[in-house]
$ cat my_file-v5.txt   # compact mmCIF, C-alpha atoms
# COMPACT_ATOMS: atom_id res chain seq x y z
CA MET A 25 0.00 0.00 0.00
CA THR A 26 1.52 3.28 -1.06
CA LYS A 27 1.27 6.11 1.38
CA ILE A 28 -0.27 8.60 -1.01
CA ASN A 29 -3.15 6.24 -1.88
CA ALA A 30 -3.72 4.80 1.59
CA LEU A 31 -6.95 6.65 2.36
CA SER A 32 -8.37 6.13 -1.14
CA ARG A 33 -7.71 2.43 -0.80
CA LEU A 34 -9.34 2.22 2.61
CA LEU A 35 -12.35 4.19 1.38
CA SER A 36 -12.76 1.69 -1.46
CA GLU A 37 -12.64 -1.24 0.94
CA ARG A 38 -14.77 -0.04 3.86
CA ASP A 39 -18.34 1.17 4.37
CA TRP A 40 -17.18 3.37 7.25
CA ILE A 41 -13.90 4.51 8.77
CA LEU A 42 -13.50 5.43 12.42
CA ALA A 43 -11.44 8.58 12.89
CA ASP A 44 -9.96 9.75 16.18
CA GLY A 45 -11.28 12.00 18.94
CA ALA A 46 -10.04 15.13 20.66
CA THR A 47 -6.43 16.24 20.64
CA GLY A 48 -6.60 19.16 23.06
CA THR A 49 -8.69 17.30 25.62
CA GLN A 50 -6.16 14.49 25.79
CA LEU A 51 -3.12 16.77 25.89
CA PHE A 52 -4.58 18.87 28.69
CA ASN A 53 -5.05 15.62 30.61
CA MET A 54 -1.33 14.94 30.02
CA GLY A 55 -0.30 18.29 31.46
CA LEU A 56 -0.51 20.83 28.64
CA SER A 57 -1.21 24.28 30.03
CA ALA A 58 -3.74 26.69 28.55
CA GLY A 59 -2.00 29.07 26.16
CA ASP A 60 0.88 26.72 25.40
CA ALA A 61 1.49 25.52 21.84
CA PRO A 62 0.71 21.78 21.61
CA GLU A 63 2.88 21.53 18.50
CA LEU A 64 6.03 22.18 20.55
CA TRP A 65 5.40 18.86 22.28
CA ASN A 66 6.22 17.11 18.99
CA ALA A 67 9.83 18.04 19.74
CA ASP A 68 9.81 18.19 23.54
CA HIS A 69 7.55 15.29 24.52
CA HIS A 70 7.78 12.58 21.89
CA ASP A 71 6.45 10.00 24.37
CA ARG A 72 3.26 11.93 25.10
CA ILE A 73 2.41 12.50 21.44
CA HIS A 74 3.15 8.83 20.73
CA LYS A 75 0.68 7.96 23.49
CA LEU A 76 -1.90 10.40 22.11
CA TYR A 77 -1.86 8.65 18.75
CA SER A 78 -1.54 5.14 20.19
CA ASP A 79 -4.52 5.61 22.49
CA ALA A 80 -6.72 6.44 19.50
CA VAL A 81 -5.46 3.48 17.47
CA ASN A 82 -5.83 1.09 20.40
CA ALA A 83 -9.40 2.33 20.88
CA GLY A 84 -10.19 1.35 17.29
CA SER A 85 -9.46 4.42 15.16
CA ASP A 86 -8.60 3.72 11.52
CA LEU A 87 -7.45 7.31 11.01
CA PHE A 88 -5.95 9.86 13.37
CA LEU A 89 -4.95 13.50 13.03
CA THR A 90 -1.45 14.71 13.80
CA ASN A 91 -0.70 17.17 16.59
CA THR A 92 -0.19 20.01 14.11
CA PHE A 93 -3.54 21.85 14.16
CA GLY A 94 -1.93 25.23 14.89
CA GLY A 95 1.31 24.46 13.11
CA ASN A 96 1.22 27.28 10.56
CA ALA A 97 3.48 30.33 10.64
CA SER A 98 0.77 32.74 11.76
CA ARG A 99 -0.19 30.65 14.79
CA MET A 100 3.36 29.64 15.67
CA LYS A 101 4.47 33.29 15.58
CA LEU A 102 2.47 33.75 18.78
CA HIS A 103 5.02 31.44 20.44
CA ASP A 104 8.08 32.82 18.61
CA ALA A 105 8.33 29.54 16.69
CA GLN A 106 7.41 30.66 13.19
CA ASP A 107 10.80 29.46 11.96
CA ARG A 108 10.06 25.91 13.19
CA VAL A 109 6.94 25.23 11.10
CA PHE A 110 8.50 22.60 8.83
CA GLU A 111 10.29 20.88 11.73
CA LEU A 112 7.29 20.66 14.06
CA ASN A 113 4.98 19.40 11.32
CA ARG A 114 7.54 16.84 10.19
CA LEU A 115 7.98 15.58 13.74
CA GLY A 116 4.23 15.39 14.31
CA ALA A 117 3.83 13.24 11.22
CA GLU A 118 6.92 11.12 11.94
CA ILE A 119 5.57 10.08 15.35
CA GLY A 120 2.26 9.29 13.68
CA ARG A 121 4.02 7.17 11.09
CA GLU A 122 5.69 5.15 13.88
CA VAL A 123 2.34 4.44 15.49
CA ALA A 124 0.49 3.64 12.26
CA ASP A 125 3.21 1.32 10.95
CA ALA A 126 3.18 -0.64 14.20
CA ALA A 127 -0.61 -1.03 14.29
CA GLY A 128 -0.78 -4.34 12.43
CA ARG A 129 -3.67 -3.08 10.28
CA PRO A 130 -4.18 -0.17 7.87
CA VAL A 131 -4.19 3.10 9.83
CA ILE A 132 -4.18 6.51 8.15
CA VAL A 133 -1.95 9.35 9.35
CA ALA A 134 -3.82 12.57 8.56
CA GLY A 135 -1.77 15.75 8.71
CA SER A 136 -3.89 18.28 10.59
CA MET A 137 -3.90 21.85 9.25
CA GLY A 138 -6.16 24.19 11.21
CA PRO A 139 -7.03 27.78 10.33
CA THR A 140 -4.39 30.50 10.32
CA GLY A 141 -6.32 32.55 12.84
CA ASP A 142 -6.27 35.53 10.48
CA ILE A 143 -9.19 37.00 8.53
CA MET A 144 -8.96 36.61 4.78
CA ALA A 145 -8.99 39.65 2.51
CA PRO A 146 -10.92 41.75 1.68
CA MET A 147 -12.50 41.63 5.16
CA GLY A 148 -9.11 41.11 6.79
CA THR A 149 -5.41 41.37 5.99
CA LEU A 150 -4.60 37.76 4.99
CA THR A 151 -4.14 37.50 1.23
CA HIS A 152 -4.77 34.36 -0.76
CA GLU A 153 -1.10 34.14 -1.68
CA SER A 154 0.03 34.38 1.95
CA ALA A 155 -2.49 31.75 3.08
CA VAL A 156 -1.36 29.35 0.35
CA GLU A 157 2.27 29.93 1.32
CA MET A 158 1.60 29.19 5.00
CA PHE A 159 -0.40 26.05 4.30
CA HIS A 160 2.13 24.88 1.72
CA GLU A 161 4.99 25.19 4.21
CA GLN A 162 3.01 23.15 6.71
CA ALA A 163 2.03 20.60 4.06
CA GLU A 164 5.64 20.02 3.04
CA GLY A 165 6.60 19.29 6.65
CA LEU A 166 3.73 16.83 7.04
CA LYS A 167 4.65 15.18 3.75
CA ALA A 168 8.29 14.84 4.80
CA GLY A 169 7.19 13.21 8.05
CA GLY A 170 5.17 10.55 6.26
CA ALA A 171 1.55 11.73 6.51
CA ASP A 172 -0.79 9.82 4.21
CA VAL A 173 -3.13 12.72 3.62
CA LEU A 174 -3.46 16.39 4.53
CA TRP A 175 -6.47 17.26 6.68
CA SER A 176 -7.71 20.86 6.85
CA GLU A 177 -10.13 21.24 9.77
CA THR A 178 -12.24 23.75 11.69
CA ILE A 179 -12.20 26.15 8.74
CA SER A 180 -14.81 28.93 8.60
CA ALA A 181 -14.05 30.85 5.40
CA PRO A 182 -14.39 29.29 1.93
CA GLU A 183 -11.39 31.37 0.81
CA GLU A 184 -9.22 29.69 3.43
CA LEU A 185 -10.38 26.24 2.37
CA LYS A 186 -9.50 27.13 -1.23
CA ALA A 187 -6.02 28.19 -0.10
CA ALA A 188 -5.52 24.89 1.75
CA SER A 189 -6.66 23.00 -1.35
CA GLU A 190 -4.15 24.85 -3.50
CA ALA A 191 -1.38 24.18 -0.99
CA ALA A 192 -2.18 20.46 -1.10
CA ARG A 193 -1.90 20.54 -4.89
CA LEU A 194 1.45 22.31 -4.69
CA ALA A 195 2.70 19.69 -2.22
CA ASP A 196 1.37 16.90 -4.46
CA MET A 197 -0.61 15.46 -1.55
CA PRO A 198 -4.18 14.16 -1.30
CA TRP A 199 -6.28 16.09 1.18
CA CYS A 200 -9.55 16.28 3.09
CA GLY A 201 -11.31 19.38 4.38
CA THR A 202 -13.81 19.99 7.15
CA MET A 203 -15.46 23.20 8.27
CA SER A 204 -17.00 24.18 11.60
CA PHE A 205 -20.72 25.04 11.50
CA ASP A 206 -21.13 26.88 14.76
CA THR A 207 -23.29 29.91 13.99
CA ALA A 208 -26.97 28.93 13.66
CA GLY A 209 -26.06 26.05 11.36
CA ARG A 210 -23.56 28.08 9.32
CA THR A 211 -19.84 28.63 9.56
CA MET A 212 -18.71 31.83 11.24
CA MET A 213 -18.34 33.31 7.76
CA GLY A 214 -21.90 32.34 6.79
CA LEU A 215 -21.39 29.19 4.71
CA THR A 216 -24.16 26.57 4.81
CA SER A 217 -23.75 22.81 4.46
CA ALA A 218 -25.20 22.94 0.94
CA ALA A 219 -22.74 25.66 -0.01
CA LEU A 220 -19.79 23.57 1.24
CA ALA A 221 -20.95 20.56 -0.78
CA ALA A 222 -21.03 22.74 -3.89
CA LEU A 223 -17.65 24.27 -3.04
CA ALA A 224 -16.01 20.87 -2.58
CA GLU A 225 -16.80 20.04 -6.21
CA ARG A 226 -14.97 23.08 -7.59
CA LEU A 227 -11.91 23.45 -5.37
CA PRO A 228 -8.44 23.59 -6.98
CA GLN A 229 -7.86 20.02 -5.79
CA ARG A 230 -10.90 17.84 -5.22
CA PRO A 231 -10.83 16.49 -1.65
CA LEU A 232 -10.84 12.76 -0.93
CA ALA A 233 -13.48 13.58 1.68
CA PHE A 234 -15.12 16.68 3.11
CA GLY A 235 -17.46 17.46 5.95
CA ALA A 236 -17.95 19.03 9.36
CA ASN A 237 -16.09 19.00 12.65
CA CYS A 238 -16.45 20.63 16.05
CA GLY A 239 -19.25 23.22 15.99
CA VAL A 240 -21.89 23.19 18.73
CA GLY A 241 -22.93 19.62 19.49
CA SER A 242 -23.54 16.26 17.87
CA SER A 243 -27.19 17.02 16.97
CA ASP A 244 -26.27 20.20 15.09
CA LEU A 245 -23.41 18.44 13.33
CA LEU A 246 -25.67 15.66 12.06
CA ARG A 247 -28.18 18.18 10.76
CA THR A 248 -25.26 19.67 8.85
CA VAL A 249 -24.29 16.25 7.49
CA LEU A 250 -27.84 15.74 6.21
CA GLY A 251 -27.40 18.98 4.25
CA PHE A 252 -24.43 17.67 2.25
CA GLU A 253 -26.18 16.76 -1.00
CA GLY A 254 -25.40 16.83 -4.69
CA THR A 255 -21.93 15.29 -4.46
CA ASP A 256 -20.41 11.81 -4.44
CA ILE A 257 -17.40 12.85 -2.35
CA PRO A 258 -17.25 10.85 0.92
CA VAL A 259 -18.52 12.80 3.93
CA VAL A 260 -16.72 13.36 7.25
CA ALA A 261 -18.54 13.77 10.59
CA LYS A 262 -16.45 14.71 13.63
CA GLY A 263 -18.76 15.97 16.34
CA ASN A 264 -18.08 17.12 19.88
CA ALA A 265 -18.81 14.80 22.81
CA GLY A 266 -21.80 16.71 24.11
CA ILE A 267 -21.79 20.27 25.39
CA PRO A 268 -18.93 21.89 27.34
CA LYS A 269 -19.58 22.60 31.04
CA TYR A 270 -17.27 24.44 33.43
CA HIS A 271 -16.62 22.38 36.55
CA ASP A 272 -13.92 22.72 39.23
CA GLY A 273 -11.79 24.98 37.07
CA HIS A 274 -11.92 22.73 34.00
CA ILE A 275 -14.02 22.43 30.86
CA HIS A 276 -15.85 19.10 30.79
CA TYR A 277 -17.92 17.74 27.91
CA ASP A 278 -21.06 15.98 29.07
CA GLY A 279 -21.45 13.48 26.22
CA THR A 280 -21.22 9.90 27.49
CA PRO A 281 -19.69 6.99 25.57
CA GLU A 282 -23.24 5.70 25.08
CA LEU A 283 -24.35 8.98 23.51
CA MET A 284 -21.35 9.01 21.18
CA ALA A 285 -22.11 5.42 20.16
CA ASP A 286 -25.60 6.56 19.15
CA TYR A 287 -24.13 9.57 17.37
CA ALA A 288 -21.70 7.38 15.40
CA CYS A 289 -24.46 5.15 14.06
CA LEU A 290 -26.70 8.11 13.25
CA ALA A 291 -23.76 9.72 11.43
CA ARG A 292 -23.27 6.57 9.37
CA ASP A 293 -27.01 6.41 8.61
CA SER A 294 -26.99 10.12 7.67
CA GLY A 295 -24.43 9.43 4.95
CA ALA A 296 -21.07 9.98 6.64
CA THR A 297 -18.25 7.58 5.74
CA ILE A 298 -15.47 8.91 7.99
CA ILE A 299 -16.84 9.19 11.52
CA GLY A 300 -14.99 10.47 14.57
CA GLY A 301 -15.21 12.84 17.48
CA CYS A 302 -13.90 16.28 18.22
CA CYS A 303 -13.68 18.21 21.51
CA GLY A 304 -14.20 16.05 24.58
CA THR A 305 -13.99 12.73 22.73
CA THR A 306 -11.73 10.32 24.63
CA PRO A 307 -10.52 6.79 23.84
CA GLU A 308 -13.39 5.50 25.98
CA HIS A 309 -15.84 7.25 23.67
CA LEU A 310 -14.02 5.87 20.62
CA ARG A 311 -14.24 2.29 21.88
CA SER A 312 -18.01 2.63 22.28
CA MET A 313 -18.29 4.17 18.82
CA ARG A 314 -16.28 1.35 17.25
CA ASP A 315 -18.36 -1.32 18.99
CA ALA A 316 -21.61 0.29 17.87
CA LEU A 317 -20.52 0.72 14.25
CA GLU A 318 -19.39 -2.90 14.09
CA ASN A 319 -22.42 -4.44 15.77
CA ARG A 320 -25.46 -2.29 15.09
CA PRO A 321 -27.11 -2.74 11.69
CA ARG A 322 -27.22 0.17 9.30
CA GLY A 323 -30.51 2.06 9.56
CA ALA A 324 -32.55 4.36 7.37
CA ARG A 325 -31.57 7.99 6.90
CA PRO A 326 -32.67 9.57 10.19
CA SER A 327 -35.17 12.38 10.48
CA LEU A 328 -34.38 15.56 12.38
CA ALA A 329 -36.83 14.42 15.04
CA GLN A 330 -35.00 11.12 15.44
CA ILE A 331 -31.70 12.96 15.87
CA THR A 332 -33.05 15.30 18.54
CA ASP A 333 -34.90 12.51 20.34
CA THR A 334 -31.64 10.57 20.60
CA LEU A 335 -28.98 13.25 21.02
CA GLY A 336 -30.82 16.38 22.19
CA GLY A 337 -32.26 19.49 20.58
CA PHE A 338 -30.67 21.79 18.04
CA SER A 339 -29.12 25.08 19.12
CA SER A 340 -31.00 27.01 16.42
CA GLU A 341 -34.26 26.60 14.52
CA SER A 342 -32.62 26.64 11.09
CA ASP A 343 -29.34 25.50 9.60
CA GLY A 344 -29.60 28.12 6.87
CA THR A 345 -30.22 25.73 3.98
CA ASP A 346 -33.94 26.64 3.95
CA GLY A 347 -33.13 30.30 3.37
CA ALA A 348 -34.19 31.28 6.86
CA GLY A 349 -32.05 33.68 8.79
CA PRO A 350 -30.36 32.65 12.03
CA ALA A 351 -33.00 32.51 14.75
CA PRO A 352 -31.59 31.06 17.95
CA ARG A 353 -33.95 28.75 19.76
CA LYS A 354 -34.90 29.98 23.20
CA THR A 355 -35.72 26.60 24.68
CA ARG A 356 -33.02 24.89 26.70
CA ARG A 357 -30.94 22.45 24.73
CA ARG A 358 -31.41 18.89 25.94
CA VAL A 359 -28.48 16.50 26.06
CA ARG A 360 -28.59 12.99 27.45
CA THR A 361 -25.90 12.41 30.06

$ encode --input "my_file-v5.txt" --output "structure tokens"
Amino acid sequence: MTKINALSRLLSERDWILADGATGTQLFNMGLSAGDAPELWNADHHDRIHKLYSDAVNAGSDLFLTNTFGGNASRMKLHDAQDRVFELNRLGAEIGREVADAAGRPVIVAGSMGPTGDIMAPMGTLTHESAVEMFHEQAEGLKAGGADVLWSETISAPEELKAASEAARLADMPWCGTMSFDTAGRTMMGLTSAALAALAERLPQRPLAFGANCGVGSSDLLRTVLGFEGTDIPVVAKGNAGIPKYHDGHIHYDGTPELMADYACLARDSGATIIGGCCGTTPEHLRSMRDALENRPRGARPSLAQITDTLGGFSSESDGTDGAGPAPRKTRRRVRT
């Protein structure tokens, strides 16, 4: 199996692929302090990043993201490490390659590339050329470290997703892209699920898969997944493990392993092929998700009512695909704990 075709091959062989869970949640549990750059741990704490990846694989993940989410020059400049972008991305992928190659089964190393943190022109100062350059630098480091695929995630602006796509083409790497729908069913920059599906078809390099990650909660994310229509590109669903709650000085997500198992099967039935978790999703959640996907029969495409009955209510009345403006629901969001 060649590295560049690893995900394509797995997609052709499997009805579903289990991705990993949270990176930040796990690293904070290992001692990362708020405000620190997780990417520096790729150089300073090889053992902890190895454990991060290994825990996901041992829990059943077929694909995991590298610890390089903020590994672009703009984000690393905040830690005076903008000159270490290539190194830190290479190291993040190299550790992932060690774990994947020792797994005894096909496991995909996905090179995480999060947003730059800057606003794209003309609203902001980040030009298309600068964004492409930053993503390309990161992509080359991930490629050198042995990543199978590039994975742009938590993107809000279509212009930034286009820049990541172009960077992947320049690096001669396959890629996937997910956006975060966290503003009344839209991305922060106003994109709907239907608009992303249309965008995915016309990007400079067609993604191997596209979809949604993070956002508000698992119910909202599945409503977004149901809105991905008009394309045959495999869909990604990476939802948060419930809703964040502040308790004893820490952020805790209230989604149980049982809830995430239900979410995983509903994601599969909604049309997602690559299914994982985002914030708050631990190896314990992943094990329950894997067990459910392997043992529960595939069901019919769920209705919105079925999703809310199982996972809790939506955070807004509309996801924007019906042309309605954002109208936040006033009723309290229900989540099973």

$ residues_around --input "my_file-v5.txt" --residues "Met147 of chain A" --least-positions-apart "6" --cutoff "12 Å" --atoms "all atoms listed in the file" --output "JSON, numbers by chain"
{"A": [181, 183, 213]}

$ closest_residue --input "my_file-v5.txt" --among "A:Asn237, A:Ser136, A:Gln50, A:Ser189" --to "Phe88 of chain A" --atoms "all atoms listed in the file"
A:Ser136

$ closest_residue --input "my_file-v5.txt" --among "A:Thr280, A:Ser36, A:Thr306, A:Asn29" --to "Asp79 of chain A" --atoms "all atoms listed in the file"
A:Thr306

$ closest_residue --input "my_file-v5.txt" --among "A:Asp293, A:Glu161, A:Asp86, A:Glu177" --to "Arg311 of chain A" --atoms "all atoms listed in the file"
A:Asp86

$ residues_around --input "my_file-v5.txt" --residues "Ala58 of chain A" --least-positions-apart "4" --cutoff "10 Å" --atoms "all atoms listed in the file" --output "list in words"
Gly48, Phe52 and Pro62 of chain A
